[in-house]
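Reproduced below: start16.cif, with mmCIF, C-alpha atoms.
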data_start
#
loop_
_atom_site.label_atom_id
_atom_site.label_comp_id
_atom_site.auth_asym_id
_atom_site.auth_seq_id
_atom_site.Cartn_x
_atom_site.Cartn_y
_atom_site.Cartn_z
CA MET W 1 -23.42 -22.75 -17.87
CA LYS W 2 -22.07 -26.22 -17.32
CA VAL W 3 -18.41 -25.82 -16.33
CA LEU W 4 -15.72 -28.43 -15.82
CA VAL W 5 -13.26 -27.49 -13.07
CA THR W 6 -10.21 -29.73 -13.04
CA GLY W 7 -8.43 -29.85 -9.69
CA ALA W 8 -11.71 -29.09 -7.91
CA ALA W 9 -10.44 -30.61 -4.64
CA GLY W 10 -7.33 -28.47 -4.87
CA PHE W 11 -6.54 -25.15 -3.26
CA ILE W 12 -7.50 -22.77 -6.08
CA GLY W 13 -9.94 -25.15 -7.78
CA SER W 14 -12.18 -25.46 -4.73
CA HIS W 15 -12.43 -21.67 -4.38
CA VAL W 16 -13.28 -21.29 -8.07
CA ALA W 17 -15.93 -24.03 -7.85
CA HIS W 18 -17.61 -22.32 -4.88
CA ARG W 19 -17.83 -19.03 -6.79
CA LEU W 20 -19.25 -20.67 -9.91
CA LEU W 21 -21.90 -22.47 -7.85
CA ALA W 22 -22.76 -19.29 -5.95
CA ARG W 23 -23.68 -17.53 -9.18
CA GLY W 24 -25.81 -20.45 -10.40
CA ASP W 25 -23.54 -22.36 -12.77
CA GLN W 26 -23.53 -26.15 -12.90
CA VAL W 27 -20.09 -27.47 -11.94
CA VAL W 28 -18.51 -30.84 -12.61
CA GLY W 29 -15.42 -31.16 -10.46
CA LEU W 30 -12.56 -33.45 -11.47
CA ASP W 31 -9.67 -34.53 -9.25
CA ASN W 32 -7.55 -37.63 -8.70
CA LEU W 33 -7.19 -36.97 -4.92
CA ASN W 34 -3.57 -38.10 -5.03
CA ASP W 35 -1.23 -38.12 -2.05
CA TYR W 36 1.25 -35.43 -3.16
CA TYR W 37 0.06 -33.81 0.07
CA ASP W 38 -2.42 -34.80 2.78
CA PRO W 39 -5.45 -36.28 0.97
CA THR W 40 -7.66 -35.58 3.97
CA LEU W 41 -7.33 -31.86 3.29
CA LYS W 42 -8.39 -32.42 -0.33
CA GLN W 43 -11.33 -34.49 0.87
CA ALA W 44 -12.30 -31.78 3.35
CA ARG W 45 -12.40 -29.21 0.54
CA LEU W 46 -14.47 -31.60 -1.54
CA ASP W 47 -16.85 -32.30 1.35
CA ARG W 48 -17.76 -28.60 1.40
CA LEU W 49 -18.70 -28.74 -2.30
CA MET W 50 -20.57 -32.05 -2.45
CA PRO W 51 -23.83 -30.96 -0.72
CA GLN W 52 -24.26 -27.93 -2.99
CA ALA W 53 -26.92 -27.96 -5.68
CA GLY W 54 -25.41 -28.08 -9.13
CA PHE W 55 -22.17 -29.81 -8.14
CA SER W 56 -21.06 -33.30 -9.15
CA PHE W 57 -17.66 -34.95 -8.84
CA ARG W 58 -15.59 -37.32 -10.95
CA LYS W 59 -12.46 -38.98 -9.59
CA LEU W 60 -10.25 -39.31 -12.64
CA GLU W 61 -6.62 -39.05 -13.75
CA LEU W 62 -5.96 -36.33 -16.30
CA ALA W 63 -3.57 -38.70 -18.08
CA ASP W 64 -6.36 -41.27 -18.61
CA ALA W 65 -7.08 -40.47 -22.27
CA ALA W 66 -10.08 -42.79 -22.61
CA GLY W 67 -11.63 -41.66 -19.34
CA MET W 68 -11.19 -37.98 -20.20
CA ALA W 69 -12.64 -38.45 -23.70
CA ALA W 70 -15.68 -40.23 -22.24
CA LEU W 71 -16.20 -37.49 -19.65
CA PHE W 72 -16.17 -34.72 -22.25
CA ALA W 73 -18.41 -36.64 -24.63
CA SER W 74 -21.02 -37.41 -21.96
CA GLU W 75 -21.13 -34.04 -20.20
CA ARG W 76 -20.82 -31.60 -23.15
CA PHE W 77 -19.35 -28.76 -21.10
CA ASP W 78 -19.95 -25.16 -22.11
CA ARG W 79 -16.65 -23.96 -20.64
CA VAL W 80 -13.64 -25.46 -18.88
CA VAL W 81 -11.40 -24.17 -16.08
CA HIS W 82 -8.25 -26.30 -16.10
CA LEU W 83 -6.48 -25.93 -12.74
CA ALA W 84 -5.33 -29.50 -12.05
CA ALA W 85 -1.57 -29.94 -12.28
CA GLN W 86 1.40 -31.42 -10.54
CA ALA W 87 2.54 -28.36 -8.62
CA GLY W 88 5.74 -27.41 -6.83
CA VAL W 89 9.11 -26.19 -8.06
CA ARG W 90 11.25 -28.29 -5.72
CA TYR W 91 9.36 -31.56 -6.20
CA SER W 92 9.97 -31.26 -9.95
CA LEU W 93 13.68 -31.78 -9.26
CA GLU W 94 12.86 -35.16 -7.69
CA GLN W 95 9.93 -36.50 -9.75
CA PRO W 96 9.93 -34.93 -13.23
CA GLN W 97 7.87 -37.78 -14.72
CA ALA W 98 4.90 -36.78 -12.55
CA TYR W 99 4.96 -33.39 -14.27
CA VAL W 100 4.96 -34.93 -17.74
CA ASP W 101 2.05 -37.21 -16.89
CA SER W 102 -0.15 -34.54 -15.29
CA ASN W 103 0.90 -31.27 -16.86
CA ILE W 104 1.77 -32.36 -20.41
CA THR W 105 -0.28 -35.49 -21.11
CA GLY W 106 -3.12 -34.33 -18.87
CA THR W 107 -3.37 -30.93 -20.54
CA LEU W 108 -3.30 -32.57 -23.97
CA ASN W 109 -6.33 -34.65 -22.95
CA VAL W 110 -8.14 -31.51 -21.79
CA LEU W 111 -7.36 -29.75 -25.08
CA GLU W 112 -8.58 -32.77 -27.05
CA GLY W 113 -11.78 -32.91 -25.03
CA CYS W 114 -12.44 -29.22 -25.67
CA ARG W 115 -11.62 -29.57 -29.38
CA HIS W 116 -13.98 -32.46 -30.06
CA ASN W 117 -16.93 -31.36 -27.94
CA GLY W 118 -17.63 -27.76 -28.79
CA VAL W 119 -16.27 -26.12 -25.63
CA GLN W 120 -16.78 -22.35 -25.91
CA HIS W 121 -13.78 -21.25 -23.85
CA LEU W 122 -10.91 -22.91 -22.00
CA VAL W 123 -9.21 -21.01 -19.18
CA PHE W 124 -6.09 -22.72 -17.84
CA ALA W 125 -3.61 -22.10 -15.06
CA SER W 126 -0.07 -21.07 -15.85
CA THR W 127 2.47 -19.61 -13.45
CA SER W 128 4.81 -16.70 -12.84
CA SER W 129 7.59 -19.31 -12.80
CA VAL W 130 7.59 -19.27 -16.62
CA TYR W 131 9.46 -15.94 -16.49
CA GLY W 132 12.46 -17.83 -15.14
CA ALA W 133 15.73 -16.01 -15.79
CA ASN W 134 13.99 -12.73 -16.73
CA THR W 135 14.89 -9.91 -14.37
CA HIS W 136 13.05 -7.00 -16.00
CA MET W 137 10.34 -5.98 -13.52
CA PRO W 138 7.41 -6.04 -13.42
CA PHE W 139 7.01 -9.21 -15.46
CA SER W 140 4.84 -8.60 -18.50
CA PRO W 141 3.10 -11.22 -20.67
CA HIS W 142 4.37 -9.20 -23.65
CA GLN W 143 7.98 -10.12 -22.86
CA TYR W 144 9.39 -13.45 -23.94
CA SER W 145 9.56 -16.26 -21.39
CA THR W 146 11.97 -18.71 -22.97
CA HIS W 147 14.32 -19.43 -20.07
CA PRO W 148 12.44 -21.35 -17.33
CA LEU W 149 14.55 -22.34 -14.33
CA SER W 150 12.61 -25.41 -13.17
CA PHE W 151 11.04 -28.37 -14.92
CA TYR W 152 7.70 -27.38 -13.38
CA ALA W 153 7.95 -24.00 -15.11
CA ALA W 154 8.96 -25.68 -18.37
CA THR W 155 5.83 -27.86 -18.34
CA LYS W 156 3.58 -24.86 -17.68
CA ARG W 157 5.22 -22.89 -20.49
CA ALA W 158 4.66 -25.94 -22.69
CA ASN W 159 0.96 -25.80 -21.75
CA GLU W 160 0.80 -22.24 -23.08
CA LEU W 161 2.37 -23.30 -26.38
CA MET W 162 0.11 -26.35 -26.66
CA ALA W 163 -2.94 -24.18 -26.04
CA HIS W 164 -1.87 -21.74 -28.74
CA THR W 165 -1.59 -24.50 -31.33
CA TYR W 166 -5.14 -25.65 -30.56
CA ALA W 167 -6.37 -22.06 -30.77
CA HIS W 168 -4.64 -21.71 -34.15
CA LEU W 169 -5.49 -25.08 -35.67
CA PHE W 170 -9.02 -25.59 -34.33
CA ARG W 171 -10.07 -22.03 -33.39
CA LEU W 172 -10.56 -23.14 -29.80
CA PRO W 173 -10.72 -20.00 -27.61
CA VAL W 174 -8.11 -20.36 -24.86
CA THR W 175 -6.87 -18.05 -22.10
CA GLY W 176 -3.89 -18.73 -19.85
CA LEU W 177 -3.53 -17.07 -16.45
CA ARG W 178 -0.07 -16.77 -14.93
CA PHE W 179 -0.68 -16.97 -11.19
CA PHE W 180 1.70 -15.16 -8.83
CA THR W 181 2.38 -16.85 -5.43
CA VAL W 182 -1.16 -17.70 -4.38
CA TYR W 183 -1.93 -18.01 -0.65
CA GLY W 184 -4.92 -18.03 1.67
CA PRO W 185 -7.42 -20.29 3.51
CA TRP W 186 -7.44 -23.97 2.52
CA GLY W 187 -3.91 -23.60 1.13
CA ARG W 188 -1.52 -26.42 0.30
CA PRO W 189 0.63 -27.84 3.13
CA ASP W 190 3.77 -27.68 0.96
CA MET W 191 3.50 -23.89 0.57
CA ALA W 192 5.55 -21.44 2.62
CA LEU W 193 2.73 -19.83 4.62
CA PHE W 194 1.36 -23.21 5.70
CA LEU W 195 4.81 -24.53 6.65
CA PHE W 196 5.71 -21.34 8.52
CA THR W 197 2.45 -21.32 10.47
CA ARG W 198 2.69 -24.96 11.47
CA ASN W 199 6.29 -24.69 12.65
CA ILE W 200 5.93 -21.37 14.48
CA LEU W 201 2.94 -22.69 16.44
CA ALA W 202 4.89 -25.86 17.24
CA GLY W 203 7.99 -23.91 18.33
CA GLN W 204 10.00 -25.41 15.47
CA PRO W 205 12.44 -23.53 13.18
CA ILE W 206 11.33 -22.35 9.74
CA ASP W 207 13.54 -22.56 6.65
CA VAL W 208 13.94 -19.07 5.20
CA PHE W 209 15.50 -19.25 1.76
CA ASN W 210 17.63 -16.46 0.27
CA HIS W 211 17.91 -15.21 3.88
CA GLY W 212 14.43 -13.72 3.48
CA HIS W 213 15.61 -11.13 0.96
CA HIS W 214 13.64 -12.19 -2.10
CA THR W 215 10.34 -10.58 -2.98
CA ARG W 216 7.10 -12.17 -4.12
CA ASP W 217 3.89 -10.79 -5.57
CA PHE W 218 1.76 -12.62 -2.99
CA THR W 219 -1.81 -12.96 -4.31
CA PHE W 220 -4.81 -13.85 -2.16
CA VAL W 221 -6.74 -16.89 -3.36
CA GLU W 222 -10.14 -15.16 -3.45
CA ASP W 223 -8.66 -12.48 -5.70
CA ILE W 224 -7.39 -15.25 -7.97
CA ALA W 225 -10.79 -16.96 -8.06
CA GLU W 226 -12.54 -13.71 -8.96
CA GLY W 227 -10.06 -13.14 -11.78
CA VAL W 228 -10.61 -16.66 -13.09
CA LEU W 229 -14.39 -16.16 -13.30
CA ARG W 230 -14.11 -12.79 -14.99
CA THR W 231 -11.68 -14.22 -17.52
CA LEU W 232 -13.90 -17.25 -18.14
CA ASP W 233 -16.72 -14.87 -19.08
CA GLN W 234 -14.48 -12.91 -21.48
CA THR W 235 -13.99 -15.40 -24.32
CA ALA W 236 -10.62 -15.07 -26.05
CA THR W 237 -10.71 -13.63 -29.56
CA PRO W 238 -8.06 -13.04 -32.24
CA ASP W 239 -6.09 -9.82 -31.86
CA PRO W 240 -6.64 -7.71 -35.02
CA GLN W 241 -3.45 -5.75 -34.24
CA TRP W 242 -1.25 -8.85 -34.03
CA ASN W 243 1.78 -8.58 -36.32
CA SER W 244 3.63 -11.70 -37.48
CA ASP W 245 6.72 -9.56 -38.20
CA ASP W 246 6.80 -8.50 -34.56
CA PRO W 247 4.81 -11.21 -32.73
CA ASP W 248 3.34 -10.36 -29.34
CA PRO W 249 3.65 -13.39 -27.00
CA ALA W 250 0.52 -12.38 -25.06
CA THR W 251 -1.90 -12.38 -28.01
CA SER W 252 -2.29 -13.95 -31.44
CA ASN W 253 -4.22 -13.94 -34.69
CA ALA W 254 -5.81 -17.03 -33.11
CA PRO W 255 -8.35 -16.78 -30.22
CA TYR W 256 -5.61 -16.86 -27.57
CA ARG W 257 -4.69 -14.68 -24.60
CA ILE W 258 -2.13 -14.79 -21.79
CA TYR W 259 -2.60 -12.63 -18.68
CA ASN W 260 -0.76 -12.13 -15.43
CA ILE W 261 -2.85 -12.28 -12.29
CA GLY W 262 -0.94 -10.97 -9.30
CA ASN W 263 -1.27 -8.39 -6.56
CA ASN W 264 1.01 -5.92 -8.37
CA SER W 265 2.54 -5.10 -4.98
CA PRO W 266 5.68 -7.19 -4.26
CA VAL W 267 6.50 -7.93 -0.62
CA GLN W 268 9.85 -9.05 0.80
CA LEU W 269 9.72 -12.51 2.37
CA SER W 270 11.06 -11.13 5.66
CA HIS W 271 8.07 -8.75 5.89
CA TYR W 272 5.66 -11.57 5.01
CA ILE W 273 7.07 -13.55 7.95
CA ALA W 274 6.81 -10.50 10.24
CA VAL W 275 3.11 -10.14 9.36
CA LEU W 276 2.59 -13.84 10.15
CA GLU W 277 4.41 -13.49 13.49
CA ASP W 278 2.11 -10.59 14.37
CA CYS W 279 -1.01 -12.62 13.47
CA LEU W 280 0.17 -15.62 15.48
CA GLY W 281 1.50 -13.59 18.41
CA ARG W 282 4.75 -15.57 18.28
CA LYS W 283 8.24 -15.07 16.91
CA ALA W 284 9.73 -17.47 14.37
CA ILE W 285 12.96 -19.37 14.87
CA LYS W 286 14.61 -18.76 11.51
CA ASN W 287 16.95 -21.14 9.72
CA LEU W 288 18.48 -18.80 7.11
CA LEU W 289 19.43 -20.57 3.88
CA PRO W 290 20.57 -19.67 0.35
CA LEU W 291 18.21 -19.49 -2.63
CA GLN W 292 16.94 -22.93 -3.63
CA PRO W 293 17.70 -24.41 -7.08
CA GLY W 294 14.88 -23.54 -9.47
CA ASP W 295 13.67 -20.55 -7.44
CA VAL W 296 13.81 -17.00 -8.78
CA PRO W 297 14.92 -14.07 -6.58
CA ASP W 298 11.94 -11.81 -7.24
CA THR W 299 8.51 -11.69 -8.88
CA SER W 300 6.29 -8.74 -9.74
CA ALA W 301 3.24 -8.80 -11.98
CA ASP W 302 2.22 -6.28 -14.60
CA VAL W 303 -1.58 -6.76 -14.55
CA GLN W 304 -2.65 -3.88 -16.79
CA ASP W 305 -3.88 -6.21 -19.55
CA LEU W 306 -6.14 -8.13 -17.18
CA GLU W 307 -7.47 -4.91 -15.68
CA ARG W 308 -8.29 -3.53 -19.13
CA ALA W 309 -9.83 -6.79 -20.36
CA VAL W 310 -12.06 -7.70 -17.40
CA GLY W 311 -12.06 -4.60 -15.20
CA TYR W 312 -10.31 -6.22 -12.28
CA LYS W 313 -7.03 -6.52 -10.44
CA PRO W 314 -6.26 -8.20 -7.11
CA ALA W 315 -6.12 -5.83 -4.16
CA THR W 316 -6.03 -7.83 -0.88
CA THR W 317 -3.05 -6.78 1.27
CA VAL W 318 -0.80 -9.39 2.85
CA GLU W 319 -1.93 -8.14 6.26
CA GLN W 320 -5.55 -8.97 5.37
CA GLY W 321 -4.72 -12.20 3.55
CA VAL W 322 -2.36 -13.67 6.14
CA ARG W 323 -4.87 -12.91 8.89
CA ALA W 324 -7.57 -14.78 6.94
CA PHE W 325 -5.25 -17.76 6.52
CA VAL W 326 -4.31 -17.85 10.22
CA ASP W 327 -7.97 -17.67 11.25
CA TRP W 328 -8.76 -20.60 8.94
CA TYR W 329 -5.74 -22.62 10.10
CA ARG W 330 -6.59 -22.22 13.78
CA ALA W 331 -10.21 -23.20 13.16
CA TYR W 332 -9.46 -26.15 10.87
CA TYR W 333 -6.68 -27.66 12.99
CA LYS W 334 -8.22 -26.51 16.31
CA VAL W 335 -4.96 -24.83 17.38
#
Any chance you could give the structure as structure tokens?
Amino acid sequence: MKVLVTGAAGFIGSHVAHRLLARGDQVVGLDNLNDYYDPTLKQARLDRLMPQAGFSFRKLELADAAGMAALFASERFDRVVHLAAQAGVRYSLEQPQAYVDSNITGTLNVLEGCRHNGVQHLVFASTSSVYGANTHMPFSPHQYSTHPLSFYAATKRANELMAHTYAHLFRLPVTGLRFFTVYGPWGRPDMALFLFTRNILAGQPIDVFNHGHHTRDFTFVEDIAEGVLRTLDQTATPDPQWNSDDPDPATSNAPYRIYNIGNNSPVQLSHYIAVLEDCLGRKAIKNLLPLQPGDVPDTSADVQDLERAVGYKPATTVEQGVRAFVDWYRAYYKV
């Protein structure tokens, strides 16, 4: 297949692109290589993809409607994996317009490109943050997610609604994947594991929010990438059991699906830090702080739907995953 991967120089996008290429697909990677975080890391991820047969790259803004339309028209993609987005809960408190431009306008341009050019299936990234004020655990895609607690989460929930309208109006098969706290090699520098590792090795304090008491369904990036590929191959179809008198948010009478993809094994932040300390052979200096605005206390993923649909659920333990990240970090930064 010819597959467009948006955000191909990003953390998850680069892993997905490698897997697609390894199985023989042709991949067009799109990224704007912006400076939200260190562009040299994005370029380093891209440099690993560029020599591979079947890969080509386009530097382009998602919000560039004309450029996106031209790309879709010229390439005629079979399928699309839409992972590019303005990420980060806390940054959305400071720069909400960036989230509108990338996550709302950008996703609209992707949907339009798919609609007008015969794309067989669109798989797009959503987030566990859409569950917001929900406290019923584990989070299920069958429960309503109408109370996001950050603007980032609101834009990603909007993406799900936008995708459903295109599935309904134009019969475009779309699948949304709600990622749960992704971590691993080549991770983003603004994420907790990266920040903790850098500061512990430098002998600097780490900021531990909610005094380390909150739990997260930490999910290893390779598990995420495998789930993305399996979902891409399972084209969304209408749910014949869907009932408009009792509508299921996870399915539809349109070709639309929403799945969680998480480790289904929540870990307390304090334990996550202890595992990292063990891998680094150093103790952290902890700056204990309250829960940040926009953060949720706990996350836990119900992944039964994904397991039934594609025969897969993530299974990498934090001990295995954190070790893989530390090995990569030491090698990449020569620490």
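Near W:Ala309, within a cut-off of 10 Å and counting all atoms listed in the file, sit the residues W:Arg230, W:Thr231, W:Gln234, W:Tyr259, W:Gln304, with same-chain residues fewer than 5 positions away left out.
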Can you write out the residues you just picked, keeping C-alpha atoms, as an mmCIF file, in the frame of the given file?
data_model
loop_
_atom_site.group_PDB
_atom_site.id
_atom_site.type_symbol
_atom_site.label_atom_id
_atom_site.label_comp_id
_atom_site.auth_asym_id
_atom_site.auth_seq_id
_atom_site.Cartn_x
_atom_site.Cartn_y
_atom_site.Cartn_z
ATOM 1 C CA ARG W 230 -14.110 -12.790 -14.990
ATOM 2 C CA THR W 231 -11.680 -14.220 -17.520
ATOM 3 C CA GLN W 234 -14.480 -12.910 -21.480
ATOM 4 C CA TYR W 259 -2.600 -12.630 -18.680
ATOM 5 C CA GLN W 304 -2.650 -3.880 -16.790
#
List, as a PyMOL selection string, every residue that the PyMOL selection byres ((chain W and resi 6-22) around 9) selects in the file provided. chain W and resi 3-5+23-33+41-49+52-55+57+62+80-85+182-188+221-222+224-226+228-229
Those same residues, written as a PDB file, keeping the file's coordinate frame with C-alpha atoms?
ATOM      1  CA  VAL W   3     -18.410 -25.820 -16.330  1.00  0.00           C
ATOM      2  CA  LEU W   4     -15.720 -28.430 -15.820  1.00  0.00           C
ATOM      3  CA  VAL W   5     -13.260 -27.490 -13.070  1.00  0.00           C
ATOM      4  CA  ARG W  23     -23.680 -17.530  -9.180  1.00  0.00           C
ATOM      5  CA  GLY W  24     -25.810 -20.450 -10.400  1.00  0.00           C
ATOM      6  CA  ASP W  25     -23.540 -22.360 -12.770  1.00  0.00           C
ATOM      7  CA  GLN W  26     -23.530 -26.150 -12.900  1.00  0.00           C
ATOM      8  CA  VAL W  27     -20.090 -27.470 -11.940  1.00  0.00           C
ATOM      9  CA  VAL W  28     -18.510 -30.840 -12.610  1.00  0.00           C
ATOM     10  CA  GLY W  29     -15.420 -31.160 -10.460  1.00  0.00           C
ATOM     11  CA  LEU W  30     -12.560 -33.450 -11.470  1.00  0.00           C
ATOM     12  CA  ASP W  31      -9.670 -34.530  -9.250  1.00  0.00           C
ATOM     13  CA  ASN W  32      -7.550 -37.630  -8.700  1.00  0.00           C
ATOM     14  CA  LEU W  33      -7.190 -36.970  -4.920  1.00  0.00           C
ATOM     15  CA  LEU W  41      -7.330 -31.860   3.290  1.00  0.00           C
ATOM     16  CA  LYS W  42      -8.390 -32.420  -0.330  1.00  0.00           C
ATOM     17  CA  GLN W  43     -11.330 -34.490   0.870  1.00  0.00           C
ATOM     18  CA  ALA W  44     -12.300 -31.780   3.350  1.00  0.00           C
ATOM     19  CA  ARG W  45     -12.400 -29.210   0.540  1.00  0.00           C
ATOM     20  CA  LEU W  46     -14.470 -31.600  -1.540  1.00  0.00           C
ATOM     21  CA  ASP W  47     -16.850 -32.300   1.350  1.00  0.00           C
ATOM     22  CA  ARG W  48     -17.760 -28.600   1.400  1.00  0.00           C
ATOM     23  CA  LEU W  49     -18.700 -28.740  -2.300  1.00  0.00           C
ATOM     24  CA  GLN W  52     -24.260 -27.930  -2.990  1.00  0.00           C
ATOM     25  CA  ALA W  53     -26.920 -27.960  -5.680  1.00  0.00           C
ATOM     26  CA  GLY W  54     -25.410 -28.080  -9.130  1.00  0.00           C
ATOM     27  CA  PHE W  55     -22.170 -29.810  -8.140  1.00  0.00           C
ATOM     28  CA  PHE W  57     -17.660 -34.950  -8.840  1.00  0.00           C
ATOM     29  CA  LEU W  62      -5.960 -36.330 -16.300  1.00  0.00           C
ATOM     30  CA  VAL W  80     -13.640 -25.460 -18.880  1.00  0.00           C
ATOM     31  CA  VAL W  81     -11.400 -24.170 -16.080  1.00  0.00           C
ATOM     32  CA  HIS W  82      -8.250 -26.300 -16.100  1.00  0.00           C
ATOM     33  CA  LEU W  83      -6.480 -25.930 -12.740  1.00  0.00           C
ATOM     34  CA  ALA W  84      -5.330 -29.500 -12.050  1.00  0.00           C
ATOM     35  CA  ALA W  85      -1.570 -29.940 -12.280  1.00  0.00           C
ATOM     36  CA  VAL W 182      -1.160 -17.700  -4.380  1.00  0.00           C
ATOM     37  CA  TYR W 183      -1.930 -18.010  -0.650  1.00  0.00           C
ATOM     38  CA  GLY W 184      -4.920 -18.030   1.670  1.00  0.00           C
ATOM     39  CA  PRO W 185      -7.420 -20.290   3.510  1.00  0.00           C
ATOM     40  CA  TRP W 186      -7.440 -23.970   2.520  1.00  0.00           C
ATOM     41  CA  GLY W 187      -3.910 -23.600   1.130  1.00  0.00           C
ATOM     42  CA  ARG W 188      -1.520 -26.420   0.300  1.00  0.00           C
ATOM     43  CA  VAL W 221      -6.740 -16.890  -3.360  1.00  0.00           C
ATOM     44  CA  GLU W 222     -10.140 -15.160  -3.450  1.00  0.00           C
ATOM     45  CA  ILE W 224      -7.390 -15.250  -7.970  1.00  0.00           C
ATOM     46  CA  ALA W 225     -10.790 -16.960  -8.060  1.00  0.00           C
ATOM     47  CA  GLU W 226     -12.540 -13.710  -8.960  1.00  0.00           C
ATOM     48  CA  VAL W 228     -10.610 -16.660 -13.090  1.00  0.00           C
ATOM     49  CA  LEU W 229     -14.390 -16.160 -13.300  1.00  0.00           C
TER      50      LEU W 229
END
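Here the selection is built from all atoms listed in the file, and the residues within 8 Å of (-0.3, -9.2, -10.7) turn out to be Phe179, Phe180, Asp217, Thr219, Asn260, Ile261, Gly262, Asn263, Asn264, Ser265, Ser300, Ala301, Asp302, Val303, Lys313 and Pro314 of chain W.
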Export, as a PDB file, in the frame of the given file, the selected residues with C-alpha atoms.
ATOM      1  CA  PHE W 179      -0.680 -16.970 -11.190  1.00  0.00           C
ATOM      2  CA  PHE W 180       1.700 -15.160  -8.830  1.00  0.00           C
ATOM      3  CA  ASP W 217       3.890 -10.790  -5.570  1.00  0.00           C
ATOM      4  CA  THR W 219      -1.810 -12.960  -4.310  1.00  0.00           C
ATOM      5  CA  ASN W 260      -0.760 -12.130 -15.430  1.00  0.00           C
ATOM      6  CA  ILE W 261      -2.850 -12.280 -12.290  1.00  0.00           C
ATOM      7  CA  GLY W 262      -0.940 -10.970  -9.300  1.00  0.00           C
ATOM      8  CA  ASN W 263      -1.270  -8.390  -6.560  1.00  0.00           C
ATOM      9  CA  ASN W 264       1.010  -5.920  -8.370  1.00  0.00           C
ATOM     10  CA  SER W 265       2.540  -5.100  -4.980  1.00  0.00           C
ATOM     11  CA  SER W 300       6.290  -8.740  -9.740  1.00  0.00           C
ATOM     12  CA  ALA W 301       3.240  -8.800 -11.980  1.00  0.00           C
ATOM     13  CA  ASP W 302       2.220  -6.280 -14.600  1.00  0.00           C
ATOM     14  CA  VAL W 303      -1.580  -6.760 -14.550  1.00  0.00           C
ATOM     15  CA  LYS W 313      -7.030  -6.520 -10.440  1.00  0.00           C
ATOM     16  CA  PRO W 314      -6.260  -8.200  -7.110  1.00  0.00           C
TER      17      PRO W 314
END
Could you tell me which residues the PyMOL selection byres ((chain W and resi 119-126) around 7) returns for this structure, as a list in words? Phe77, Asp78, Arg79, Val80, Val81, His82, Leu83, Cys114, Arg115, Asn117, Gly118, Thr127, Lys156, Pro173, Val174, Thr175, Gly176, Leu177, Arg178, Phe179, Leu232 and Thr235 of chain W
From atom CA of W:Asp248 to atom CA of W:Arg157 the spacing works out at 15.5 Å
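Proximity to W:Gln204 was assessed for W:Lys283, W:Leu172, W:Asp35, W:Ala98 counting all atoms listed in the file; the smallest distance is recorded for W:Lys283.
You can rank W:Gln97, W:Trp242, W:Ala65, W:Thr215 by their closest distance to W:Asp295 using all atoms listed in the file, and at the top of that list sits W:Thr215.
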Between W:Asp233, W:Glu112, W:Asp298, W:Asp278, single out the one closest to W:Asn210, counting only C-alpha atoms. W:Asp298
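When the distance limit is 9 Å and only C-alpha atoms are what count, the residues near W:Ala87, minus those fewer than 6 positions from it on the same chain, are Tyr99, Asn103 and Tyr152 of chain W.
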Using the chain letters and residue numbers of this document, give as a VMD selection string the residues selected by the PyMOL selection byres ((chain W and resi 213) around 12). chain W and resid 208 to 212 214 to 216 266 to 273 288 to 291 296 to 298
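With distances taken over all atoms listed in the file, W:Leu161 is the one residue among W:Ala284, W:Leu161, W:Ala254, W:Val322 lying closest to W:Leu108.
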